[in-house]
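*Asks:* My questions will all concern the structure given below.
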Protein chains: 2
Amino acid sequence: MLVNINAASAGRQSALGELGELSRARVILSEFKYNRGAEIYGQTEPAEYIYQVVEGAVRSYKLLSDGRRQIGAFHLVGDIFGLENSSVHRFTTEAIVETTVRLMKRCSLQHMAEGDVHVALDLLNMTTSNLQHAEDHMLLLGRKTSLERVAAFLLEMDGRLSAADVMALPMCRRDIADYLGLTLETVSRALSHLHGMGILGFLGQTQRQIVLRDRHRLAELDF
Amino acid sequence: MLVNINAASAGRQSALGELGELSRARVILSEFKYNRGAEIYGQTEPAEYIYQVVEGAVRSYKLLSDGRRQIGAFHLVGDIFGLENSSVHRFTTEAIVETTVRLMKRCSLQHMAEGDVHVALDLLNMTTSNLQHAEDHMLLLGRKTSLERVAAFLLEMDGRLSAADVMALPMCRRDIADYLGLTLETVSRALSHLHGMGILGFLGQTQRQIVLRDRHRLAELDF
DNA sequence: CGGTGGGTTGAGGTATTTCAAGGCTCGTGG
DNA sequence: CCACGAGCCTTGAAATACCTCAACCCACCG
């Protein structure tokens, strides 16, 4: 059963609260754990389950035939993913770090949606949230400079991770780059630049813990 | 009433057929005509209506504060748009050419969706179609070259306009560019390049009528 | 006719990519 | 305990895809 479902989800998945709705129907199967880098499902695979991140982080991406990769979204704790309601997945998803997820059979969900308007409306809300994110991301990918993209990324993560005043990014530079439509070197340079401007600082040697020193000036960079 | 609703819509708006469902409830208001370039609604305006293109073509876009523009989608004959089901529009939309649309009050739709599962599922399907398009477009904007983008655009339009063997594009080069995340010059050069390769030809002087001579080779350019 | 709104093409500039080198951390095995 | 390689990150220098600026053409229209 899916009780106590991470109520503090201020992120994109605004419908999370309403998953309580779904939970009452006892269709949650169980938890499952994936190792760092493990594939959760592949593009064009039949979509059997939908998932919720309990712990860890997930990337979902598309590939071109020559290996170019575009990450469409990162799924953090509390997020629901795998909700392509065509019966086939449109992305490949992988665990970025050691990740545990909750599973739910998609067909029973489908069934529920047909019987209960509220479930259907919940699905609609979740899908709309995803659409909205995709729309904003198109603007970023089509029209923003590298610095603006990285600034937008940091602000997004700041809003979604929001653990403390220091962000612990789960993903590497290459993941960020493939999310932002850049190369990892460009991302690195942009971060260095922001560091040099005094807008952010690094903690530890791994460079994945980032502290926002001046959220206001960062927001000004993101048009 | 919304009968005879352009059944030949093989495009993204696969849910079009199901709009028949909606039509039965007599919430279609009337038709309205917009002049070339006229704004249909603006970003952040309250979303009062949803629309269906009867004749013409529509662009919907987002702007950055300095004028950079990203077109998220073109809406052609038969397409439904304005379906942001947050009560506020997330795009600005304009008629590309003289365009007539059908209107439907959004609130009554909302009301219907709450009462009828089928309506809710229709909305979900339409939203999912839009999401799928946005996901594919992210890959294009983030990772494809200018030639690949233009090739993909031509193939998309070929599938959606599919009037005869000659495509009559309603939109200018700048619109195409802002859709593909390029400049109009780059689009023009890519088209010239494809022309030079014998893959496509132009009809008339306006350069908006394009004939695909070699659809197969074009498809190979779109990874 | 002159002006405006597309469209094409060339030349030069630039943001980002590509290629390459080096540093740091961490796990593994000698 | 240290050596070593692998993974990750940064930084520099060179290459390039795309952008910018500019000129020109053509069709259309008052």
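Just so we're on the same page: first chain in the structure tokens is A, next is B, and so on; residues restart at 1 for each chain, and ligands are numbered from 1 in the order they show up.
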Quick one: residues within 12 Å of DA14 (chain D), only C-alpha atoms (C1' of nucleotides), excluding same-chain residues fewer than 4 positions away - as a VMD selection string?
*Replies:* chain C and resid 17 to 20
*Asks:* Check every residue of chain C for an atom within 9 Å of chain A, counting only C-alpha atoms (C1' of nucleotides), and provide those that qualify as a tab-separated table (two decimals) with C-alpha atoms (C1' of nucleotides), in the first residue's frame.
*Replies:*
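iface_39.tsv, freshly written:
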```tsv
chain	number	residue	atom	x	y	z
C	15	DA	C1'	29.57	30.30	-29.53
C	16	DT	C1'	30.04	25.83	-28.99
C	17	DT	C1'	32.24	21.56	-30.18
C	24	DC	C1'	41.80	14.14	-8.41
C	25	DT	C1'	39.33	10.22	-6.15
```
*Asks:* Residues of chain A within 10 Å of chain D, counting only C-alpha atoms (C1' of nucleotides) - could you list those as a list in words?
*Replies:*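 Here is what falls inside 10 Å: Cys172, Arg173, Arg174, Leu184, Glu185, Ser188, Arg189, Ser192, Gln205, Thr206, Gln207 and Arg208 of chain A.
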*Asks:* Taking only C-alpha atoms into account, find every residue of chain B that has an atom no more than 7 Å from chain A, and write it out as a list of chain:residue names.
*Replies:*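 On the chain B side, the interface is B:Leu64, B:Ser65, B:Arg68, B:Gln70, B:Gly72, B:Glu114, B:Asp116, B:Val117, B:Ala120, B:Leu121, B:Leu124, B:Thr127, B:Thr128, B:Leu131, B:Ala134, B:Glu135, B:Met138, B:Leu139, B:Leu141, B:Gly142, B:Arg143, B:Gly181, B:Phe223.
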*Asks:* Near Asp214 (chain A), within 12 Å and counting only C-alpha atoms (C1' of nucleotides), which residues show up once chain neighbours fewer than 5 positions away are dropped, as a PyMOL selection string?
*Replies:* chain A and resi 151+154-155+165+194-195+197-201+219-221
*Asks:* Just C-alpha atoms for this one: save the residues we selected as an mmCIF file, in the first residue's frame.
*Replies:*
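Now in result.cif:
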```cif
data_model
loop_
_atom_site.group_PDB
_atom_site.id
_atom_site.type_symbol
_atom_site.label_atom_id
_atom_site.label_comp_id
_atom_site.auth_asym_id
_atom_site.auth_seq_id
_atom_site.Cartn_x
_atom_site.Cartn_y
_atom_site.Cartn_z
ATOM 1 C CA ALA A 151 21.534 28.530 -14.892
ATOM 2 C CA LEU A 154 20.621 24.751 -11.429
ATOM 3 C CA LEU A 155 17.445 26.611 -10.580
ATOM 4 C CA ASP A 165 21.385 24.944 1.122
ATOM 5 C CA LEU A 194 29.374 30.874 -12.513
ATOM 6 C CA HIS A 195 31.868 29.885 -9.854
ATOM 7 C CA MET A 197 31.348 35.131 -10.815
ATOM 8 C CA GLY A 198 30.793 34.179 -7.206
ATOM 9 C CA ILE A 199 27.314 32.918 -7.936
ATOM 10 C CA LEU A 200 27.978 29.405 -6.805
ATOM 11 C CA GLY A 201 30.515 27.371 -4.912
ATOM 12 C CA ALA A 219 17.794 33.797 -11.777
ATOM 13 C CA GLU A 220 18.714 36.886 -13.781
ATOM 14 C CA LEU A 221 20.811 34.737 -16.077
#
```
*Asks:* One decimal, in Å: what's the spacing between CA of Ala47 (chain A) and CA of Leu109 (chain A)?
*Replies:*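 Atom-to-atom, CA of Ala47 (chain A) and CA of Leu109 (chain A) are spaced 11.9 Å apart.
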*Asks:* Looking only at the backbone, which of the residues in region 119-207 of chain B does DSSP tag as strand (DSSP E or B), as a count of residues only?
*Replies:* 7
*Asks:* Which value, in Å to one decimal, gives the distance between CA of Gly37 (chain B) and CA of Ala95 (chain B)?
*Replies:* 5.2 Å
*Asks:* Might you pull out every residue within 12 Å of Glu94 (chain A), with only C-alpha atoms (C1' of nucleotides) counted and same-chain residues fewer than 5 positions away left off, and present them as a PyMOL selection string?
*Replies:* chain A and resi 33-43+53+56-62+71+73-75+81-82+99-101+171+175
*Asks:* Where does DSSP see helix (DSSP H, G or I) in chain B, if you list the residues as a ChimeraX atom specification?
*Replies:* /B:14-23,106-115,117-143,146-161,173-180,184-196,215-221
*Asks:* Find the distance between CA of His193 (chain A) and CA of Met167 (chain A) and write it in Å to one decimal.
*Replies:*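 Between CA of His193 (chain A) and CA of Met167 (chain A) the gap works out to 17.9 Å.
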